$ cat input28.csv   # CSV, C-alpha atoms and all ligand atoms
chain,number,residue,atom,x,y,z
A,1,MET,CA,-13.5,-16.9,-18.8
A,2,ASN,CA,-15.9,-14.3,-17.4
A,3,TRP,CA,-14.9,-11.2,-15.5
A,4,GLN,CA,-15.4,-12.8,-12.1
A,5,GLU,CA,-13.3,-15.8,-13.0
A,6,THR,CA,-10.5,-13.6,-14.3
A,7,TYR,CA,-10.5,-11.6,-11.1
A,8,ASP,CA,-10.4,-14.7,-8.9
A,9,ALA,CA,-7.6,-16.3,-11.0
A,10,PHE,CA,-5.6,-13.1,-10.7
A,11,HIS,CA,-6.2,-13.0,-7.0
A,12,GLU,CA,-5.0,-16.6,-6.6
A,13,ALA,CA,-1.9,-16.1,-8.8
A,14,THR,CA,-0.9,-12.8,-7.2
A,15,ARG,CA,-1.3,-14.3,-3.7
A,16,ALA,CA,1.1,-17.0,-4.6
A,17,LEU,CA,3.5,-14.4,-6.0
A,18,ALA,CA,3.3,-12.4,-2.8
A,19,ALA,CA,3.9,-15.5,-0.7
A,20,ALA,CA,6.9,-16.5,-2.9
A,21,LEU,CA,8.4,-13.0,-2.6
A,22,GLY,CA,7.8,-13.0,1.2
A,23,TYR,CA,9.7,-16.3,1.6
A,24,ARG,CA,12.6,-15.1,-0.5
A,25,ASP,CA,12.9,-11.6,1.1
A,26,LEU,CA,10.5,-10.5,3.8
A,27,MET,CA,11.8,-6.9,3.8
A,28,THR,CA,11.0,-6.5,0.1
A,29,ARG,CA,7.5,-7.9,0.6
A,30,LEU,CA,6.7,-5.5,3.5
A,31,HIS,CA,8.2,-2.6,1.5
A,32,SER,CA,6.0,-3.6,-1.5
A,33,GLU,CA,2.8,-3.5,0.5
A,34,ARG,CA,3.6,0.0,1.7
A,35,VAL,CA,4.5,1.1,-1.8
A,36,ARG,CA,1.2,-0.3,-3.1
A,37,GLY,CA,-0.7,1.8,-0.5
A,38,LEU,CA,1.2,5.0,-1.3
A,39,CYS,CA,0.8,4.4,-5.0
A,40,SER,CA,-3.0,4.1,-4.7
A,41,GLU,CA,-3.1,7.4,-2.8
A,42,ILE,CA,-1.1,9.2,-5.6
A,43,GLY,CA,-3.1,7.4,-8.3
A,44,ARG,CA,-6.4,8.6,-6.9
A,45,HIS,CA,-5.2,12.2,-6.9
A,46,CYS,CA,-4.1,11.9,-10.5
A,47,ASP,CA,-7.7,10.8,-11.6
A,48,LEU,CA,-6.4,7.6,-13.2
A,49,GLU,CA,-8.9,5.4,-15.0
A,50,GLU,CA,-10.1,2.3,-13.1
A,51,GLU,CA,-8.1,0.0,-15.3
A,52,GLU,CA,-4.9,2.0,-14.7
A,53,MET,CA,-5.6,2.0,-11.0
A,54,GLU,CA,-5.8,-1.8,-11.0
A,55,ALA,CA,-2.6,-2.2,-13.0
A,56,LEU,CA,-0.9,0.3,-10.7
A,57,GLY,CA,-2.0,-1.6,-7.6
A,58,LEU,CA,-0.8,-4.9,-9.1
A,59,SER,CA,2.5,-3.6,-10.4
A,60,ALA,CA,3.2,-1.6,-7.2
A,61,SER,CA,2.7,-4.8,-5.2
A,62,PHE,CA,5.1,-6.7,-7.4
A,63,HIS,CA,7.5,-4.1,-8.6
A,64,ASP,CA,10.4,-6.0,-7.1
A,65,ILE,CA,9.2,-9.5,-7.7
A,66,GLY,CA,12.1,-9.9,-10.1
A,67,LYS,CA,14.4,-9.9,-7.1
A,68,ILE,CA,13.5,-13.6,-6.8
A,69,GLY,CA,15.9,-14.0,-9.7
A,70,VAL,CA,18.8,-12.1,-8.0
A,71,PRO,CA,21.5,-14.3,-6.3
A,72,ASP,CA,21.6,-14.2,-2.5
A,73,ASN,CA,25.2,-12.8,-2.3
A,74,ILE,CA,24.0,-9.7,-4.2
A,75,LEU,CA,20.4,-9.4,-2.9
A,76,PHE,CA,21.5,-9.7,0.8
A,77,LYS,CA,24.9,-8.0,0.5
A,78,PRO,CA,25.2,-5.8,3.7
A,79,ALA,CA,27.1,-3.0,1.8
A,80,ARG,CA,26.9,-0.9,-1.3
A,81,LEU,CA,27.0,-3.0,-4.5
A,82,GLU,CA,30.0,-2.9,-6.9
A,83,GLU,CA,29.3,-1.9,-10.5
A,84,ASP,CA,29.0,-5.5,-11.9
A,85,GLU,CA,26.8,-6.5,-9.0
A,86,ARG,CA,24.6,-3.4,-9.6
A,87,LYS,CA,24.1,-4.6,-13.2
A,88,VAL,CA,22.9,-8.0,-12.0
A,89,MET,CA,20.6,-6.3,-9.4
A,90,GLN,CA,19.2,-4.1,-12.1
A,91,ARG,CA,18.0,-7.1,-14.1
A,92,HIS,CA,15.2,-7.4,-11.5
A,93,ALA,CA,13.1,-5.0,-13.5
A,94,GLU,CA,13.1,-7.2,-16.6
A,95,ILE,CA,12.8,-10.4,-14.7
A,96,GLY,CA,9.8,-8.9,-12.9
A,97,GLU,CA,8.2,-8.1,-16.2
A,98,LYS,CA,8.7,-11.7,-17.4
A,99,ILE,CA,7.2,-13.2,-14.2
A,100,MET,CA,4.1,-10.9,-14.4
A,101,LEU,CA,3.7,-11.9,-18.1
A,102,ALA,CA,4.0,-15.6,-17.2
A,103,THR,CA,0.8,-15.4,-15.2
A,104,GLU,CA,-0.9,-15.0,-18.6
A,105,LEU,CA,-3.9,-13.4,-16.9
A,106,GLY,CA,-6.0,-10.6,-18.4
A,107,GLY,CA,-4.4,-7.2,-17.7
A,108,CYS,CA,-0.9,-8.7,-17.0
A,109,GLU,CA,0.7,-7.1,-20.0
A,110,LEU,CA,0.0,-3.6,-18.7
A,111,ALA,CA,1.2,-4.5,-15.2
A,112,ALA,CA,4.3,-6.2,-16.7
A,113,THR,CA,5.2,-3.0,-18.6
A,114,LEU,CA,4.8,-0.9,-15.5
A,115,ILE,CA,7.1,-3.2,-13.6
A,116,ARG,CA,9.7,-3.1,-16.4
A,117,HIS,CA,9.9,0.7,-16.2
A,118,HIS,CA,9.8,1.4,-12.4
A,119,HIS,CA,13.5,2.4,-12.4
A,120,GLU,CA,13.4,4.7,-15.4
A,121,HIS,CA,14.4,8.3,-14.5
A,122,TYR,CA,12.5,11.4,-15.7
A,123,ASP,CA,15.7,12.8,-17.3
A,124,GLY,CA,16.4,9.6,-19.2
A,125,THR,CA,19.2,8.2,-17.1
A,126,GLY,CA,17.3,5.3,-15.6
A,127,TYR,CA,17.1,1.6,-16.7
A,128,PRO,CA,16.4,-0.7,-18.4
A,129,ASP,CA,15.5,1.5,-21.5
A,130,GLY,CA,16.6,5.0,-20.5
A,131,LEU,CA,13.0,6.3,-21.3
A,132,LEU,CA,12.7,10.1,-21.0
A,133,GLY,CA,9.9,12.1,-19.2
A,134,GLU,CA,6.4,11.4,-20.4
A,135,ALA,CA,7.6,8.4,-22.4
A,136,ILE,CA,7.8,6.6,-19.0
A,137,PRO,CA,4.3,5.3,-18.2
A,138,ILE,CA,2.7,7.5,-15.5
A,139,CYS,CA,2.1,4.6,-13.2
A,140,SER,CA,5.9,3.7,-13.4
A,141,ARG,CA,6.7,7.3,-12.5
A,142,ILE,CA,4.3,7.0,-9.5
A,143,ILE,CA,5.9,3.7,-8.3
A,144,SER,CA,9.4,5.3,-8.6
A,145,ILE,CA,8.4,8.1,-6.1
A,146,ALA,CA,6.6,5.8,-3.6
A,147,ASP,CA,9.5,3.3,-3.9
A,148,SER,CA,12.1,6.0,-3.2
A,149,TYR,CA,10.2,7.4,-0.2
A,150,ASP,CA,9.7,4.1,1.5
A,151,ALA,CA,13.2,2.9,0.8
A,152,MET,CA,14.6,5.9,2.7
A,153,ALA,CA,12.0,5.6,5.5
A,154,VAL,CA,13.2,2.2,6.7
A,155,THR,CA,16.6,1.0,7.9
A,156,ARG,CA,18.4,-1.1,5.4
A,157,PRO,CA,21.7,-3.0,5.8
A,158,TYR,CA,23.5,-0.1,4.1
A,159,HIS,CA,21.7,2.9,5.5
A,160,GLN,CA,19.7,4.2,8.5
A,161,ALA,CA,16.1,5.3,8.3
A,162,LYS,CA,15.7,9.0,7.4
A,163,LYS,CA,13.0,11.3,8.9
A,164,HIS,CA,10.2,12.6,6.7
A,165,GLU,CA,11.8,16.1,6.2
A,166,GLU,CA,15.1,14.5,5.2
A,167,ILE,CA,13.4,12.2,2.7
A,168,MET,CA,11.5,15.1,1.2
A,169,ALA,CA,14.7,17.1,0.9
A,170,VAL,CA,16.3,14.3,-1.1
A,171,LEU,CA,13.2,13.8,-3.3
A,172,THR,CA,13.1,17.5,-3.9
A,173,GLU,CA,16.7,17.5,-5.0
A,174,GLU,CA,16.0,14.7,-7.4
A,175,THR,CA,12.9,16.4,-8.9
A,176,GLY,CA,13.3,16.8,-12.6
A,177,LYS,CA,16.2,14.4,-12.6
A,178,LYS,CA,14.8,11.1,-11.2
A,179,HIS,CA,11.3,12.3,-10.5
A,180,ASP,CA,8.4,13.9,-12.5
A,181,PRO,CA,8.0,17.5,-11.1
A,182,ARG,CA,4.2,17.4,-11.6
A,183,LEU,CA,3.8,14.1,-9.7
A,184,MET,CA,6.2,15.4,-7.0
A,185,SER,CA,3.8,18.3,-6.3
A,186,VAL,CA,0.9,15.9,-5.9
A,187,PHE,CA,3.1,13.7,-3.7
A,188,ARG,CA,4.1,16.6,-1.5
A,189,GLU,CA,0.4,17.5,-1.0
A,190,ILE,CA,-0.6,13.9,-0.1
A,191,MET,CA,2.3,13.4,2.3
A,192,GLY,CA,0.9,16.2,4.5
A,193,ARG,CA,-1.7,13.8,5.7
A,194,SER,CA,-0.9,10.2,4.6
A,195,ARG,CA,-0.9,7.2,6.9
A,196,TYR,CA,2.4,6.3,5.3
A,197,THR,CA,4.2,9.5,6.3
A,198,VAL,CA,6.9,8.8,8.8
A,199,ASP,CA,7.9,11.1,11.7
B,201,FE,FE,13.0,-2.1,-8.0

$ encode --input "input28.csv" --output "structure tokens"
Amino acid sequence: MNWQETYDAFHEATRALAAALGYRDLMTRLHSERVRGLCSEIGRHCDLEEEEMEALGLSASFHDIGKIGVPDNILFKPARLEEDERKVMQRHAEIGEKIMLATELGGCELAATLIRHHHEHYDGTGYPDGLLGEAIPICSRIISIADSYDAMAVTRPYHQAKKHEEIMAVLTEETGKKHDPRLMSVFREIMGRSRYTVD
């Protein structure tokens, strides 16, 4: 398979994945599209290699694809999750990794790894592997920040949308715990003029 064929195949496969996710959970699909946009702005500021930028775009688009494997009563629960329900929900990171690997397309291994680690925390308290600091792939650390920002920017069944300043205050509080301090300073700079910045 030449480069063009690989690219076309990836495009076809990921379009089907995006459509599948959209039918299961439209809110997650729309959220994923904004996270992808935010991630590419952050990635460009971090001077990532072309290959990493592609994997970042792909994994950002499908970071929550594993939610396809989460039962409705948990995925759509209009309240905070109980501890056992949270455990089931957390499996979406590993399910997403497996779905991305199942495409068997060139480059899917890297994207799958980035999806697996998008809920790791900088201080090692995240999941599924409890990776610490720089041991978390940089693209997964980027997805984590963009994901957190956008999740707070929209109204969900269990919380109201926050304003930009309120979101940044939460992210600042989480810096060094959930988020990478160096990436957070890049993010702060970007959000001064990003199209994804909310009021
Ligand atoms: Fe997620």

$ residues_near_ligand --input "input28.csv" --ligand "ligand FE 201 (chain B)" --cutoff "9 Å" --atoms "only C-alpha atoms and all ligand atoms" --output "PDB file with C-alpha atoms, in the coordinates of the input"
ATOM      1  CA  HIS A  63       7.500  -4.100  -8.600  1.00  0.00           C
ATOM      2  CA  ASP A  64      10.400  -6.000  -7.100  1.00  0.00           C
ATOM      3  CA  ILE A  65       9.200  -9.500  -7.700  1.00  0.00           C
ATOM      4  CA  GLY A  66      12.100  -9.900 -10.100  1.00  0.00           C
ATOM      5  CA  LYS A  67      14.400  -9.900  -7.100  1.00  0.00           C
ATOM      6  CA  MET A  89      20.600  -6.300  -9.400  1.00  0.00           C
ATOM      7  CA  GLN A  90      19.200  -4.100 -12.100  1.00  0.00           C
ATOM      8  CA  HIS A  92      15.200  -7.400 -11.500  1.00  0.00           C
ATOM      9  CA  ALA A  93      13.100  -5.000 -13.500  1.00  0.00           C
ATOM     10  CA  GLY A  96       9.800  -8.900 -12.900  1.00  0.00           C
ATOM     11  CA  ILE A 115       7.100  -3.200 -13.600  1.00  0.00           C
ATOM     12  CA  HIS A 118       9.800   1.400 -12.400  1.00  0.00           C
ATOM     13  CA  HIS A 119      13.500   2.400 -12.400  1.00  0.00           C
ATOM     14  CA  SER A 144       9.400   5.300  -8.600  1.00  0.00           C
ATOM     15  CA  ASP A 147       9.500   3.300  -3.900  1.00  0.00           C
TER      16      ASP A 147
END

$ axis_aligned_box --input "input28.csv" --around "range 58-70 of chain A" --padding-each-side "6 Å" --output "AutoDock Vina command-line options"
--center_x 9.0 --center_y -7.8 --center_z -7.8 --size_x 31.6 --size_y 24.4 --size_z 17.2

$ atom_distance --input "input28.csv" --atom1 "CA of Ala79 in chain A" --atom2 "CA of Tyr158 in chain A"
5.2 Å

$ atom_distance --input "input28.csv" --atom1 "CA of Glu166 in chain A" --atom2 "CA of Ile42 in chain A"
20.2 Å

$ closest_residue --input "input28.csv" --among "A:Met152, A:Ala111, A:Gly69, A:Arg182" --to "Ala20 in chain A" --atoms "all atoms listed in the file"
A:Gly69

$ residues_around --input "input28.csv" --residues "Glu54 in chain A" --least-positions-apart "4" --cutoff "10 Å" --atoms "only C-alpha atoms" --output "PyMOL selection string"
chain A and resi 40+43+48-50+58-60+107+110-111

$ write_last_selection --input "input28.csv" --atoms "C-alpha atoms" --output "short mmCIF file (atom, residue, chain, number, x, y, z; two decimals), in the coordinates of the input"
data_model
loop_
_atom_site.label_atom_id
_atom_site.label_comp_id
_atom_site.auth_asym_id
_atom_site.auth_seq_id
_atom_site.Cartn_x
_atom_site.Cartn_y
_atom_site.Cartn_z
CA SER A 40 -3.00 4.10 -4.70
CA GLY A 43 -3.10 7.40 -8.30
CA LEU A 48 -6.40 7.60 -13.20
CA GLU A 49 -8.90 5.40 -15.00
CA GLU A 50 -10.10 2.30 -13.10
CA LEU A 58 -0.80 -4.90 -9.10
CA SER A 59 2.50 -3.60 -10.40
CA ALA A 60 3.20 -1.60 -7.20
CA GLY A 107 -4.40 -7.20 -17.70
CA LEU A 110 0.00 -3.60 -18.70
CA ALA A 111 1.20 -4.50 -15.20
#

$ closest_residue --input "input28.csv" --among "A:Tyr122, A:Phe76, A:Tyr149, A:Phe62" --to "Asp25 in chain A" --atoms "all atoms listed in the file"
A:Phe76

$ residues_around --input "input28.csv" --residues "Arg156 in chain A" --least-positions-apart "5" --cutoff "12 Å" --atoms "only C-alpha atoms" --output "VMD selection string"
chain A and resid 27 to 28 31 75 to 80 150 to 151 161 to 162

$ closest_residue --input "input28.csv" --among "A:Glu12, A:Asp199, A:Glu82, A:Glu94" --to "Asp129 in chain A" --atoms "only C-alpha atoms"
A:Glu94

$ residues_around --input "input28.csv" --residues "range 170-178 of chain A" --least-positions-apart "4" --cutoff "12 Å" --atoms "all atoms listed in the file" --output "MDAnalysis selection string"
chainID A and resid 118:127 130:134 136 140:153 162:166 182:185 187:188

$ closest_residue --input "input28.csv" --among "A:Ala13, A:Cys108, A:Met191, A:Val186" --to "Glu51 in chain A" --atoms "only C-alpha atoms"
A:Cys108

$ closest_residue --input "input28.csv" --among "A:Ser61, A:Leu56, A:Ala19, A:Glu83" --to "Glu33 in chain A" --atoms "all atoms listed in the file"
A:Ser61

$ atom_distance --input "input28.csv" --atom1 "CA of Asp84 in chain A" --atom2 "CA of Leu30 in chain A"
27.1 Å

$ closest_residue --input "input28.csv" --among "A:Asp180, A:Glu85, A:Glu189, A:Glu52" --to "Ala135 in chain A" --atoms "all atoms listed in the file"
A:Asp180

$ build_atoms --input "input28.csv" --residues "range 69-97 of chain A" --atoms "N, CA and C atoms" --output "mmCIF file, keeping the file's coordinate frame"
data_model
loop_
_atom_site.group_PDB
_atom_site.id
_atom_site.type_symbol
_atom_site.label_atom_id
_atom_site.label_comp_id
_atom_site.auth_asym_id
_atom_site.auth_seq_id
_atom_site.Cartn_x
_atom_site.Cartn_y
_atom_site.Cartn_z
ATOM 1 N N GLY A 69 14.903 -13.539 -8.781
ATOM 2 C CA GLY A 69 15.900 -14.000 -9.700
ATOM 3 C C GLY A 69 17.325 -13.456 -9.458
ATOM 4 N N VAL A 70 17.502 -12.709 -8.353
ATOM 5 C CA VAL A 70 18.800 -12.100 -8.000
ATOM 6 C C VAL A 70 19.531 -13.020 -7.014
ATOM 7 N N PRO A 71 20.798 -13.406 -7.256
ATOM 8 C CA PRO A 71 21.500 -14.300 -6.300
ATOM 9 C C PRO A 71 21.600 -13.708 -4.910
ATOM 10 N N ASP A 72 21.577 -14.597 -3.907
ATOM 11 C CA ASP A 72 21.600 -14.200 -2.500
ATOM 12 C C ASP A 72 22.797 -13.260 -2.167
ATOM 13 N N ASN A 73 23.998 -13.573 -2.712
ATOM 14 C CA ASN A 73 25.200 -12.800 -2.300
ATOM 15 C C ASN A 73 25.062 -11.330 -2.780
ATOM 16 N N ILE A 74 24.187 -11.060 -3.739
ATOM 17 C CA ILE A 74 24.000 -9.700 -4.200
ATOM 18 C C ILE A 74 22.709 -9.118 -3.483
ATOM 19 N N LEU A 75 21.630 -9.908 -3.473
ATOM 20 C CA LEU A 75 20.400 -9.400 -2.900
ATOM 21 C C LEU A 75 20.544 -9.094 -1.386
ATOM 22 N N PHE A 76 21.337 -9.885 -0.676
ATOM 23 C CA PHE A 76 21.500 -9.700 0.800
ATOM 24 C C PHE A 76 22.837 -9.090 1.157
ATOM 25 N N LYS A 77 23.572 -8.548 0.219
ATOM 26 C CA LYS A 77 24.900 -8.000 0.500
ATOM 27 C C LYS A 77 24.729 -6.795 1.502
ATOM 28 N N PRO A 78 25.396 -6.862 2.663
ATOM 29 C CA PRO A 78 25.200 -5.800 3.700
ATOM 30 C C PRO A 78 26.073 -4.583 3.414
ATOM 31 N N ALA A 79 26.223 -4.204 2.159
ATOM 32 C CA ALA A 79 27.100 -3.000 1.800
ATOM 33 C C ALA A 79 26.634 -2.565 0.425
ATOM 34 N N ARG A 80 27.194 -1.430 0.009
ATOM 35 C CA ARG A 80 26.900 -0.900 -1.300
ATOM 36 C C ARG A 80 27.369 -1.917 -2.381
ATOM 37 N N LEU A 81 26.641 -2.003 -3.486
ATOM 38 C CA LEU A 81 27.000 -3.000 -4.500
ATOM 39 C C LEU A 81 28.105 -2.389 -5.438
ATOM 40 N N GLU A 82 28.985 -3.285 -5.892
ATOM 41 C CA GLU A 82 30.000 -2.900 -6.900
ATOM 42 C C GLU A 82 29.250 -2.775 -8.242
ATOM 43 N N GLU A 83 29.925 -2.166 -9.212
ATOM 44 C CA GLU A 83 29.300 -1.900 -10.500
ATOM 45 C C GLU A 83 28.725 -3.143 -11.174
ATOM 46 N N ASP A 84 29.517 -4.235 -11.204
ATOM 47 C CA ASP A 84 29.000 -5.500 -11.900
ATOM 48 C C ASP A 84 27.869 -6.076 -11.089
ATOM 49 N N GLU A 85 27.898 -5.950 -9.767
ATOM 50 C CA GLU A 85 26.800 -6.500 -9.000
ATOM 51 C C GLU A 85 25.529 -5.644 -9.176
ATOM 52 N N ARG A 86 25.736 -4.332 -9.339
ATOM 53 C CA ARG A 86 24.600 -3.400 -9.600
ATOM 54 C C ARG A 86 23.886 -3.825 -10.883
ATOM 55 N N LYS A 87 24.683 -4.180 -11.889
ATOM 56 C CA LYS A 87 24.100 -4.600 -13.200
ATOM 57 C C LYS A 87 23.214 -5.825 -13.023
ATOM 58 N N VAL A 88 23.683 -6.776 -12.204
ATOM 59 C CA VAL A 88 22.900 -8.000 -12.000
ATOM 60 C C VAL A 88 21.605 -7.618 -11.212
ATOM 61 N N MET A 89 21.740 -6.764 -10.194
ATOM 62 C CA MET A 89 20.600 -6.300 -9.400
ATOM 63 C C MET A 89 19.554 -5.612 -10.318
ATOM 64 N N GLN A 90 20.062 -4.820 -11.260
ATOM 65 C CA GLN A 90 19.200 -4.100 -12.100
ATOM 66 C C GLN A 90 18.309 -4.967 -13.030
ATOM 67 N N ARG A 91 18.760 -6.182 -13.232
ATOM 68 C CA ARG A 91 18.000 -7.100 -14.100
ATOM 69 C C ARG A 91 16.628 -7.429 -13.448
ATOM 70 N N HIS A 92 16.423 -7.094 -12.141
ATOM 71 C CA HIS A 92 15.200 -7.400 -11.500
ATOM 72 C C HIS A 92 13.957 -6.780 -12.177
ATOM 73 N N ALA A 93 14.182 -5.644 -12.845
ATOM 74 C CA ALA A 93 13.100 -5.000 -13.500
ATOM 75 C C ALA A 93 12.557 -5.818 -14.692
ATOM 76 N N GLU A 94 13.487 -6.345 -15.486
ATOM 77 C CA GLU A 94 13.100 -7.200 -16.600
ATOM 78 C C GLU A 94 12.615 -8.566 -16.198
ATOM 79 N N ILE A 95 13.252 -9.113 -15.156
ATOM 80 C CA ILE A 95 12.800 -10.400 -14.700
ATOM 81 C C ILE A 95 11.374 -10.291 -14.123
ATOM 82 N N GLY A 96 11.105 -9.195 -13.421
ATOM 83 C CA GLY A 96 9.800 -8.900 -12.900
ATOM 84 C C GLY A 96 8.725 -8.854 -13.994
ATOM 85 N N GLU A 97 9.096 -8.180 -15.080
ATOM 86 C CA GLU A 97 8.200 -8.100 -16.200
ATOM 87 C C GLU A 97 7.854 -9.478 -16.749
#
